[in-house]
file protein_4.csv (CSV, C-alpha atoms)
chain,number,residue,atom,x,y,z
A,29,MET,CA,12.6,-5.9,-21.4
A,30,SER,CA,10.9,-8.4,-19.1
A,31,GLN,CA,9.8,-8.2,-15.5
A,32,THR,CA,8.6,-10.6,-12.8
A,33,VAL,CA,4.9,-10.5,-12.1
A,34,ILE,CA,2.8,-12.5,-9.6
A,35,ARG,CA,-0.6,-13.9,-10.9
A,36,PHE,CA,-3.2,-16.3,-9.7
A,37,ASN,CA,-2.7,-19.4,-11.7
A,38,GLY,CA,-5.9,-21.4,-11.9
A,39,PRO,CA,-8.8,-21.3,-9.4
A,40,ARG,CA,-8.8,-18.7,-6.6
A,41,ASP,CA,-9.2,-21.2,-3.8
A,42,SER,CA,-5.8,-20.9,-2.1
A,43,VAL,CA,-3.1,-18.4,-1.6
A,44,ARG,CA,-0.8,-21.2,-2.9
A,45,ASN,CA,-2.1,-20.6,-6.4
A,46,LEU,CA,0.0,-17.4,-6.6
A,47,LYS,CA,2.7,-18.0,-9.2
A,48,ALA,CA,5.6,-15.9,-10.6
A,49,PHE,CA,5.8,-15.3,-14.4
A,50,LYS,CA,8.1,-13.4,-16.8
A,51,GLU,CA,6.2,-10.8,-18.8
A,52,GLU,CA,7.0,-7.8,-21.0
A,53,ILE,CA,7.2,-4.3,-19.4
A,54,ALA,CA,4.4,-2.2,-20.8
A,55,GLU,CA,5.1,1.2,-22.4
A,56,PRO,CA,3.2,4.2,-20.9
A,57,THR,CA,0.6,5.7,-23.2
A,58,LYS,CA,0.4,9.5,-23.7
A,59,TYR,CA,-1.1,10.3,-20.3
A,60,GLU,CA,0.4,7.4,-18.2
A,61,VAL,CA,3.6,7.0,-16.2
A,62,LEU,CA,5.7,3.8,-15.8
A,63,ILE,CA,6.5,3.2,-12.2
A,64,ARG,CA,9.3,0.9,-10.8
A,65,VAL,CA,7.5,-0.7,-7.9
A,66,HIS,CA,9.5,-0.7,-4.7
A,67,GLY,CA,7.0,-1.6,-2.0
A,68,VAL,CA,3.6,-3.3,-1.9
A,69,SER,CA,1.3,-3.7,1.1
A,70,LEU,CA,-1.3,-6.4,1.6
A,71,ASN,CA,-4.9,-5.9,2.7
A,72,TYR,CA,-7.5,-8.3,4.0
A,73,ARG,CA,-9.2,-7.7,0.5
A,74,ASP,CA,-6.2,-9.5,-1.1
A,75,ILE,CA,-6.9,-12.6,1.0
A,76,ALA,CA,-10.5,-12.5,0.1
A,77,VAL,CA,-9.6,-12.2,-3.6
A,78,ALA,CA,-7.2,-15.2,-3.2
A,79,THR,CA,-9.9,-17.4,-1.7
A,80,SER,CA,-12.9,-16.2,-3.8
A,81,LEU,CA,-14.5,-14.5,-0.7
A,82,TYR,CA,-14.3,-11.1,-2.2
A,83,PRO,CA,-17.9,-10.1,-3.1
A,84,PHE,CA,-17.0,-7.9,-6.0
A,85,PRO,CA,-15.7,-8.6,-9.6
A,86,VAL,CA,-12.3,-10.2,-10.0
A,87,LYS,CA,-10.8,-11.0,-13.4
A,88,ASP,CA,-9.3,-14.4,-14.2
A,89,ASN,CA,-5.6,-14.9,-13.6
A,90,VAL,CA,-5.4,-11.4,-12.0
A,91,ILE,CA,-2.2,-9.7,-10.8
A,92,PRO,CA,-3.2,-9.0,-7.2
A,93,CYS,CA,-2.8,-6.1,-4.8
A,94,SER,CA,-3.7,-2.4,-5.1
A,95,ASP,CA,-1.2,-0.7,-2.8
A,96,ALA,CA,2.2,0.2,-4.1
A,97,ALA,CA,4.9,2.9,-3.9
A,98,GLY,CA,7.7,3.4,-6.3
A,99,VAL,CA,9.7,5.6,-8.6
A,100,ILE,CA,8.7,6.9,-12.0
A,101,VAL,CA,11.0,5.7,-14.7
A,102,LYS,CA,9.2,6.9,-17.8
A,103,VAL,CA,6.4,9.4,-18.6
A,104,GLY,CA,4.0,9.6,-21.5
A,105,GLU,CA,4.4,12.6,-23.8
A,106,GLY,CA,1.3,14.3,-22.5
A,107,VAL,CA,2.3,14.1,-18.8
A,108,LYS,CA,3.3,17.5,-17.4
A,109,LYS,CA,2.8,16.9,-13.7
A,110,PHE,CA,5.5,14.3,-13.1
A,111,ALA,CA,9.0,13.6,-14.1
A,112,VAL,CA,11.4,10.7,-14.2
A,113,GLY,CA,12.7,10.1,-10.7
A,114,ASP,CA,9.6,11.2,-8.8
A,115,HIS,CA,8.5,9.1,-5.9
A,116,VAL,CA,4.8,8.2,-6.1
A,117,ILE,CA,1.8,6.1,-4.9
A,118,GLY,CA,-1.3,5.3,-7.0
A,119,THR,CA,-5.0,5.3,-6.2
A,120,PHE,CA,-6.9,2.1,-5.5
A,121,ASP,CA,-9.7,2.8,-8.1
A,122,LEU,CA,-8.0,4.4,-11.1
A,123,SER,CA,-11.3,6.1,-12.2
A,124,ASN,CA,-12.1,7.7,-8.9
A,125,LEU,CA,-10.3,11.0,-9.0
A,126,PHE,CA,-12.7,12.8,-6.6
A,127,GLY,CA,-16.1,12.2,-4.9
A,128,GLN,CA,-17.8,8.9,-4.4
A,129,GLN,CA,-16.6,5.7,-6.1
A,130,LYS,CA,-19.0,5.0,-8.9
A,131,ASP,CA,-18.7,1.2,-9.2
A,132,TRP,CA,-16.4,-1.8,-8.5
A,133,ASN,CA,-15.0,-2.1,-12.0
A,134,ASN,CA,-11.7,-0.3,-11.7
A,135,GLY,CA,-10.1,-1.4,-8.4
A,136,GLN,CA,-6.5,-2.6,-8.9
A,137,GLY,CA,-5.9,-6.2,-8.0
A,138,GLY,CA,-9.6,-7.2,-8.7
A,139,PRO,CA,-11.4,-6.4,-11.9
A,140,ILE,CA,-8.2,-5.1,-13.3
A,141,ASP,CA,-4.6,-6.2,-12.9
A,142,GLY,CA,-2.8,-4.9,-9.7
A,143,VAL,CA,0.6,-3.9,-8.6
A,144,LEU,CA,2.4,-7.2,-7.4
A,145,ARG,CA,5.0,-6.8,-10.1
A,146,GLU,CA,8.2,-5.0,-10.8
A,147,TYR,CA,6.8,-2.3,-13.1
A,148,VAL,CA,3.3,-0.9,-13.5
A,149,CYS,CA,1.8,1.7,-15.9
A,150,LEU,CA,-0.8,4.0,-14.2
A,151,PRO,CA,-2.7,7.1,-15.4
A,152,ALA,CA,-0.9,10.2,-14.3
A,153,ALA,CA,-4.1,11.6,-13.0
A,154,SER,CA,-4.4,8.7,-10.5
A,155,VAL,CA,-0.9,9.1,-9.1
A,156,VAL,CA,0.2,11.1,-6.0
A,157,GLN,CA,3.7,12.4,-5.4
A,158,ILE,CA,5.4,11.5,-2.1
A,159,PRO,CA,8.5,13.4,-0.8
A,160,LYS,CA,11.9,12.0,-1.7
A,161,GLU,CA,13.4,13.2,1.5
A,162,SER,CA,10.9,11.4,3.7
A,163,PRO,CA,12.2,9.0,6.4
A,164,LEU,CA,9.3,6.7,5.5
A,165,SER,CA,10.2,3.6,3.5
A,166,PHE,CA,8.4,2.8,0.2
A,167,CYS,CA,6.6,0.0,2.1
A,168,GLU,CA,5.3,2.5,4.6
A,169,TRP,CA,4.1,4.9,1.9
A,170,SER,CA,2.3,2.1,0.1
A,171,THR,CA,0.1,1.5,3.2
A,172,LEU,CA,-1.7,4.8,2.5
A,173,VAL,CA,-3.3,3.6,-0.7
A,174,CYS,CA,-6.1,1.6,0.9
A,175,THR,CA,-5.9,1.6,4.7
A,176,GLY,CA,-4.7,5.2,4.9
A,177,VAL,CA,-7.4,6.5,2.5
A,178,THR,CA,-10.1,4.4,4.1
A,179,ALA,CA,-9.2,5.7,7.6
A,180,TRP,CA,-9.0,9.3,6.3
A,181,ASN,CA,-12.4,8.9,4.5
A,182,ALA,CA,-13.9,7.6,7.8
A,183,LEU,CA,-12.6,10.6,9.7
A,184,TYR,CA,-12.9,13.4,7.2
A,185,GLY,CA,-14.9,12.2,4.1
A,186,ASN,CA,-18.3,13.1,5.6
A,187,ILE,CA,-18.3,15.0,8.9
A,188,PRO,CA,-14.8,16.0,9.8
A,189,LEU,CA,-13.2,14.8,13.0
A,190,ARG,CA,-12.6,17.6,15.6
A,191,PRO,CA,-10.0,17.7,18.3
A,192,GLY,CA,-11.1,16.2,21.6
A,193,GLN,CA,-13.7,13.9,20.1
A,194,THR,CA,-13.4,10.1,20.8
A,195,VAL,CA,-12.8,7.5,18.1
A,196,LEU,CA,-13.2,3.7,18.6
A,197,PHE,CA,-11.3,1.3,16.5
A,198,GLN,CA,-12.3,-2.4,16.2
A,199,GLY,CA,-9.3,-4.6,16.2
A,200,THR,CA,-5.6,-4.0,15.5
A,201,GLY,CA,-5.4,-4.5,11.7
A,202,GLY,CA,-4.2,-2.0,9.2
A,203,VAL,CA,-7.2,0.3,8.9
A,204,SER,CA,-7.6,0.5,12.7
A,205,ILE,CA,-3.9,1.3,13.4
A,206,SER,CA,-3.7,3.7,10.5
A,207,GLY,CA,-6.8,5.4,11.8
A,208,LEU,CA,-5.4,5.5,15.3
A,209,ILE,CA,-2.3,7.2,14.2
A,210,LEU,CA,-4.2,9.8,12.2
A,211,ALA,CA,-6.8,10.4,14.9
A,212,LYS,CA,-4.1,10.9,17.6
A,213,ALA,CA,-2.3,13.4,15.4
A,214,ALA,CA,-5.6,15.3,15.0
A,215,GLY,CA,-6.0,15.6,18.8
A,216,ALA,CA,-8.7,12.9,19.3
A,217,ARG,CA,-9.1,10.5,22.2
A,218,THR,CA,-8.9,6.9,21.1
A,219,ILE,CA,-10.2,3.5,22.2
A,220,VAL,CA,-9.1,0.2,20.6
A,221,THR,CA,-10.8,-3.2,21.0
A,222,SER,CA,-9.2,-6.6,20.6
A,223,SER,CA,-9.5,-10.1,22.0
A,224,SER,CA,-5.8,-10.1,23.0
A,225,ASP,CA,-4.4,-8.2,26.0
A,226,GLU,CA,-1.0,-8.5,24.5
A,227,LYS,CA,-2.1,-6.7,21.4
A,228,LEU,CA,-3.9,-4.1,23.4
A,229,ASP,CA,-0.8,-3.4,25.6
A,230,PHE,CA,1.3,-3.1,22.4
A,231,VAL,CA,-1.0,-0.6,20.7
A,232,LYS,CA,-1.0,1.5,23.9
A,233,GLN,CA,2.8,1.5,24.1
A,234,LYS,CA,3.6,1.7,20.4
A,235,PHE,CA,0.9,3.9,19.0
A,236,GLY,CA,-0.5,5.7,22.1
A,237,ALA,CA,-4.0,4.4,22.3
A,238,ASP,CA,-5.7,6.1,25.2
A,239,LEU,CA,-8.0,3.3,26.3
A,240,THR,CA,-8.5,-0.4,25.4
A,241,VAL,CA,-11.3,-2.9,25.7
A,242,ASN,CA,-10.9,-6.7,25.5
A,243,TYR,CA,-14.1,-8.0,23.9
A,244,LYS,CA,-13.4,-11.5,25.1
A,245,LYS,CA,-13.6,-10.3,28.6
A,246,HIS,CA,-16.4,-7.9,27.8
A,247,PRO,CA,-18.6,-9.7,25.2
A,248,GLU,CA,-21.1,-6.8,25.4
A,249,TRP,CA,-18.2,-4.4,24.9
A,250,SER,CA,-20.5,-1.4,24.4
A,251,LYS,CA,-21.2,-1.4,28.2
A,252,GLU,CA,-17.5,-1.1,28.9
A,253,VAL,CA,-17.2,1.7,26.3
A,254,LEU,CA,-20.1,3.5,27.9
A,255,ARG,CA,-18.4,3.1,31.3
A,256,LEU,CA,-15.1,4.5,30.0
A,257,THR,CA,-16.9,7.5,28.4
A,258,ASN,CA,-19.1,8.3,31.5
A,259,GLY,CA,-22.2,7.1,29.7
A,260,GLU,CA,-21.8,9.4,26.6
A,261,GLY,CA,-20.5,6.9,24.1
A,262,VAL,CA,-18.0,7.7,21.3
A,263,ASP,CA,-18.1,10.1,18.4
A,264,TYR,CA,-16.7,7.8,15.7
A,265,ILE,CA,-16.5,4.0,15.3
A,266,PHE,CA,-14.4,2.1,12.7
A,267,GLU,CA,-16.9,-0.8,12.2
A,268,ASN,CA,-14.6,-3.6,10.9
A,269,GLY,CA,-16.7,-6.6,11.9
A,270,GLY,CA,-19.8,-5.9,9.9
A,271,SER,CA,-23.2,-7.4,10.7
A,272,GLY,CA,-21.8,-9.4,13.7
A,273,THR,CA,-20.6,-6.3,15.6
A,274,ILE,CA,-22.8,-3.4,14.3
A,275,GLY,CA,-25.4,-3.9,17.1
A,276,GLU,CA,-22.7,-3.3,19.8
A,277,SER,CA,-21.4,-0.3,17.8
A,278,LEU,CA,-24.9,1.3,17.7
A,279,LYS,CA,-25.1,0.9,21.5
A,280,ALA,CA,-21.7,2.4,22.0
A,281,ILE,CA,-22.1,5.4,19.6
A,282,LYS,CA,-22.9,8.8,21.0
A,283,MET,CA,-26.1,10.5,20.0
A,284,GLY,CA,-25.4,11.9,16.5
A,285,GLY,CA,-22.2,9.9,16.1
A,286,ASN,CA,-20.7,8.4,13.0
A,287,ILE,CA,-20.2,4.7,12.4
A,288,SER,CA,-18.1,3.8,9.4
A,289,VAL,CA,-18.8,0.3,8.1
A,290,ILE,CA,-15.4,-0.8,6.7
A,291,GLY,CA,-15.1,-4.6,7.0
A,292,PHE,CA,-17.0,-7.8,7.0
A,293,LEU,CA,-14.8,-9.9,9.4
A,294,SER,CA,-17.6,-11.0,11.7
A,295,PRO,CA,-20.8,-11.8,9.7
A,296,ALA,CA,-24.0,-12.5,11.6
A,297,GLU,CA,-26.6,-15.2,10.9
A,298,GLN,CA,-29.6,-13.6,9.3
A,299,SER,CA,-31.8,-14.6,12.3
A,300,LYS,CA,-29.4,-12.7,14.6
A,301,MET,CA,-29.1,-9.5,12.6
A,302,PRO,CA,-29.8,-6.4,14.7
A,303,ASP,CA,-32.5,-3.9,13.7
A,304,VAL,CA,-29.9,-1.4,12.3
A,305,ALA,CA,-32.5,1.0,11.0
A,306,SER,CA,-34.3,1.4,14.4
A,307,LEU,CA,-31.0,1.5,16.4
A,308,ALA,CA,-29.5,4.2,14.1
A,309,LEU,CA,-32.7,6.2,14.3
A,310,ALA,CA,-32.8,6.0,18.1
A,311,LYS,CA,-29.2,7.4,18.2
A,312,GLY,CA,-29.6,9.9,15.4
A,313,ALA,CA,-26.4,8.2,14.1
A,314,VAL,CA,-24.8,8.2,10.7
A,315,VAL,CA,-24.0,4.7,9.5
A,316,ARG,CA,-21.9,5.0,6.3
A,317,GLY,CA,-20.3,2.4,4.2
A,318,ILE,CA,-16.7,3.2,3.3
A,319,VAL,CA,-15.3,2.0,-0.1
A,320,VAL,CA,-11.7,3.2,0.1
A,321,GLY,CA,-11.6,6.7,-1.4
A,322,SER,CA,-10.6,9.0,-4.2
A,323,THR,CA,-7.3,10.4,-5.5
A,324,GLN,CA,-8.2,13.6,-3.8
A,325,LEU,CA,-8.5,11.9,-0.4
A,326,LEU,CA,-5.1,10.1,-1.1
A,327,GLU,CA,-3.6,13.6,-1.7
A,328,GLU,CA,-5.1,14.9,1.5
A,329,VAL,CA,-3.9,12.1,3.7
A,330,THR,CA,-0.4,12.1,2.1
A,331,ARG,CA,-0.2,15.9,2.9
A,332,PHE,CA,-1.3,15.3,6.5
A,333,VAL,CA,1.2,12.5,7.1
A,334,THR,CA,4.0,14.6,5.5
A,335,THR,CA,3.1,17.7,7.5
A,336,LYS,CA,2.8,15.9,10.8
A,337,GLY,CA,5.9,13.8,10.3
A,338,LEU,CA,4.0,10.6,11.0
A,339,ARG,CA,5.3,7.0,10.6
A,340,LEU,CA,3.1,4.4,9.2
A,341,PRO,CA,2.4,0.9,10.7
A,342,VAL,CA,4.4,-1.9,9.0
A,343,ASP,CA,4.4,-5.1,11.0
A,344,LYS,CA,6.5,-7.3,8.8
A,345,VAL,CA,8.2,-7.2,5.4
A,346,PHE,CA,8.7,-10.1,3.0
A,347,ASP,CA,10.8,-10.6,-0.1
A,348,PHE,CA,9.5,-10.4,-3.7
A,349,LYS,CA,9.8,-14.1,-4.4
A,350,GLU,CA,7.0,-16.6,-5.1
A,351,ASP,CA,7.5,-18.6,-1.9
A,352,ALA,CA,7.9,-15.4,0.2
A,353,VAL,CA,4.8,-13.8,-1.3
A,354,ILE,CA,2.8,-16.9,-0.3
A,355,GLN,CA,4.2,-16.7,3.2
A,356,ALA,CA,3.2,-13.0,3.4
A,357,TYR,CA,-0.4,-13.9,2.4
A,358,GLU,CA,-0.5,-16.7,5.0
A,359,TYR,CA,0.8,-14.4,7.6
A,360,VAL,CA,-2.0,-11.9,6.9
A,361,SER,CA,-4.5,-14.8,6.9
A,362,SER,CA,-3.4,-15.7,10.4
A,363,GLY,CA,-4.5,-12.4,11.8
A,364,SER,CA,-1.3,-12.2,13.8
A,365,GLN,CA,-0.1,-8.8,12.5
A,366,ILE,CA,-0.6,-5.4,14.2
A,367,GLY,CA,-0.6,-3.0,11.3
A,368,ARG,CA,0.4,-3.8,7.7
A,369,VAL,CA,2.3,-6.7,6.0
A,370,CYS,CA,4.4,-5.6,3.1
A,371,ILE,CA,6.5,-7.0,0.2
A,372,LYS,CA,9.7,-5.3,-0.7
A,373,VAL,CA,9.9,-5.5,-4.5
A,374,ALA,CA,13.1,-3.3,-4.9
A,375,GLU,CA,15.4,-1.4,-2.6

call {"tool": "encode", "arguments": {"input": "protein_4.csv", "output": "structure tokens"}}
result
Amino acid sequence: MSQTVIRFNGPRDSVRNLKAFKEEIAEPTKYEVLIRVHGVSLNYRDIAVATSLYPFPVKDNVIPCSDAAGVIVKVGEGVKKFAVGDHVIGTFDLSNLFGQQKDWNNGQGGPIDGVLREYVCLPAASVVQIPKESPLSFCEWSTLVCTGVTAWNALYGNIPLRPGQTVLFQGTGGVSISGLILAKAAGARTIVTSSSDEKLDFVKQKFGADLTVNYKKHPEWSKEVLRLTNGEGVDYIFENGGSGTIGESLKAIKMGGNISVIGFLSPAEQSKMPDVASLALAKGAVVRGIVVGSTQLLEEVTRFVTTKGLRLPVDKVFDFKEDAVIQAYEYVSSGSQIGRVCIKVAE
């Protein structure tokens, strides 16, 4: 039997080099499961892969994307944990079952083929079951693989978030909105930054953000954050900008607070790089790089979402056709979304 897969055809210098192909469906080995993919969600990483901006290994002609949810249609003879018909999601790094990710050689949609296809074989050990009776769509569940785990890792992977603490999220992309939903459910106070009042109003109304800061109106936004927190600062920051925003984050963080460096959306010129070491020392702050997370963390966040009955942030869904997939990539590239952009592969 054959399936449709999407690959990069030729140089990775444009999302328009995504092409559909017909290929054979693989058979699961002894300890693998074959999954019928139903929903795939896109990350900023996928745009970086498409345009050769991703700073880690990518194989030639790769099948992109790492985040998928679907149904098991076949199990290897050695698999005892899963059965045909189970609803599942798979880990970003197939080798990272627990603890810290060891390298960048096993992330789906980069150094190995990803999930933008109708069927995918994954090691059973790297798969997490999701409830069949859940009101969440497959697209919603797929968003947990990278952004959900990244947000969970930032909040619970080192020093666990406690109720009543304050978390600041830079921007309104997938990681920030996923983190906002998780933090609110855990009893935290939340602050969201953006350059758009329209987006800030939306996240207040839709996702319950407690406070917002427009960083266009407040270029030194740490001062506004300190004002909103009576001079104390915040306990956690989702640092999505990188070197261009880390200086403001270190000014806004509370003494002993946690800054999770997640993205690289706003790089600074070398001459304008802040003295991160001195600023972190002065605040007694933890500055920690987040590289998604393990299967164990995926299990934890799945259990939390299920127990709390949370809905996950899907902004827009596209069809699984070559032209529609390209449109989905272009939409993510535009930065217009609030939450995640998904591709419905099957009903």

call {"tool": "atom_distance", "arguments": {"input": "protein_4.csv", "atom1": "CA of Cys370 in chain A", "atom2": "CA of Val195 in chain A"}}
result
26.3 Å

call {"tool": "atom_distance", "arguments": {"input": "protein_4.csv", "atom1": "CA of Thr257 in chain A", "atom2": "CA of Ile290 in chain A"}}
result
23.3 Å

call {"tool": "residues_around", "arguments": {"input": "protein_4.csv", "residues": "Asp88 in chain A", "least_positions_apart": "2", "cutoff": "10 Å", "atoms": "all atoms listed in the file", "output": "PDB file with C-alpha atoms, in the coordinates of the input"}}
result
ATOM      1  CA  ARG A  35      -0.600 -13.900 -10.900  1.00  0.00           C
ATOM      2  CA  PHE A  36      -3.200 -16.300  -9.700  1.00  0.00           C
ATOM      3  CA  ASN A  37      -2.700 -19.400 -11.700  1.00  0.00           C
ATOM      4  CA  GLY A  38      -5.900 -21.400 -11.900  1.00  0.00           C
ATOM      5  CA  PRO A  39      -8.800 -21.300  -9.400  1.00  0.00           C
ATOM      6  CA  ARG A  40      -8.800 -18.700  -6.600  1.00  0.00           C
ATOM      7  CA  PRO A  85     -15.700  -8.600  -9.600  1.00  0.00           C
ATOM      8  CA  VAL A  86     -12.300 -10.200 -10.000  1.00  0.00           C
ATOM      9  CA  VAL A  90      -5.400 -11.400 -12.000  1.00  0.00           C
ATOM     10  CA  ILE A  91      -2.200  -9.700 -10.800  1.00  0.00           C
ATOM     11  CA  GLY A 138      -9.600  -7.200  -8.700  1.00  0.00           C
ATOM     12  CA  PRO A 139     -11.400  -6.400 -11.900  1.00  0.00           C
ATOM     13  CA  ILE A 140      -8.200  -5.100 -13.300  1.00  0.00           C
ATOM     14  CA  ASP A 141      -4.600  -6.200 -12.900  1.00  0.00           C
TER      15      ASP A 141
END

call {"tool": "residues_around", "arguments": {"input": "protein_4.csv", "residues": "range 96-98 of chain A", "least_positions_apart": "4", "cutoff": "8 Å", "atoms": "all atoms listed in the file", "output": "VMD selection string"}}
result
chain A and resid 63 to 69 115 to 118 143 166 to 167 169 to 171 173

call {"tool": "closest_residue", "arguments": {"input": "protein_4.csv", "among": "A:Phe348, A:Tyr359, A:Phe120, A:Tyr59", "to": "Thr178 in chain A", "atoms": "all atoms listed in the file"}}
result
A:Phe120

call {"tool": "atom_distance", "arguments": {"input": "protein_4.csv", "atom1": "CA of Asp225 in chain A", "atom2": "CA of Lys244 in chain A"}}
result
9.6 Å

call {"tool": "closest_residue", "arguments": {"input": "protein_4.csv", "among": "A:Pro247, A:Gly270, A:Gly321, A:Gly363", "to": "Ile75 in chain A", "atoms": "all atoms listed in the file"}}
result
A:Gly363

call {"tool": "closest_residue", "arguments": {"input": "protein_4.csv", "among": "A:Gly269, A:Pro341, A:Pro83, A:Gly176", "to": "Val231 in chain A", "atoms": "all atoms listed in the file"}}
result
A:Pro341

call {"tool": "closest_residue", "arguments": {"input": "protein_4.csv", "among": "A:Val333, A:Ile281, A:Met29, A:Val342", "to": "Gly202 in chain A", "atoms": "all atoms listed in the file"}}
result
A:Val342

call {"tool": "closest_residue", "arguments": {"input": "protein_4.csv", "among": "A:Phe266, A:Phe197, A:Tyr147, A:Trp249", "to": "Pro56 in chain A", "atoms": "all atoms listed in the file"}}
result
A:Tyr147

call {"tool": "residues_around", "arguments": {"input": "protein_4.csv", "residues": "range 49-53 of chain A", "least_positions_apart": "2", "cutoff": "6 Å", "atoms": "all atoms listed in the file", "output": "number ranges by chain"}}
result
A: 29-33

call {"tool": "closest_residue", "arguments": {"input": "protein_4.csv", "among": "A:Ser206, A:Ser224, A:Thr194, A:Ser154", "to": "Glu60 in chain A", "atoms": "only C-alpha atoms"}}
result
A:Ser154

call {"tool": "residues_around", "arguments": {"input": "protein_4.csv", "residues": "Gly285 in chain A", "least_positions_apart": "6", "cutoff": "10 Å", "atoms": "only C-alpha atoms", "output": "ChimeraX atom specification"}}
result
/A:187,194-195,261-265,278,308,311-315

call {"tool": "residues_around", "arguments": {"input": "protein_4.csv", "residues": "Asn258 in chain A", "least_positions_apart": "6", "cutoff": "12 Å", "atoms": "only C-alpha atoms", "output": "PyMOL selection string"}}
result
chain A and resi 251-252+280+282

call {"tool": "axis_aligned_box", "arguments": {"input": "protein_4.csv", "around": "range 233-251 of chain A", "padding_each_side": "6 Å", "output": "lines of an AutoDock Vina configuration file"}}
result
center_x = -8.8
center_y = -2.7
center_z = 23.8
size_x = 36.8
size_y = 29.6
size_z = 21.6
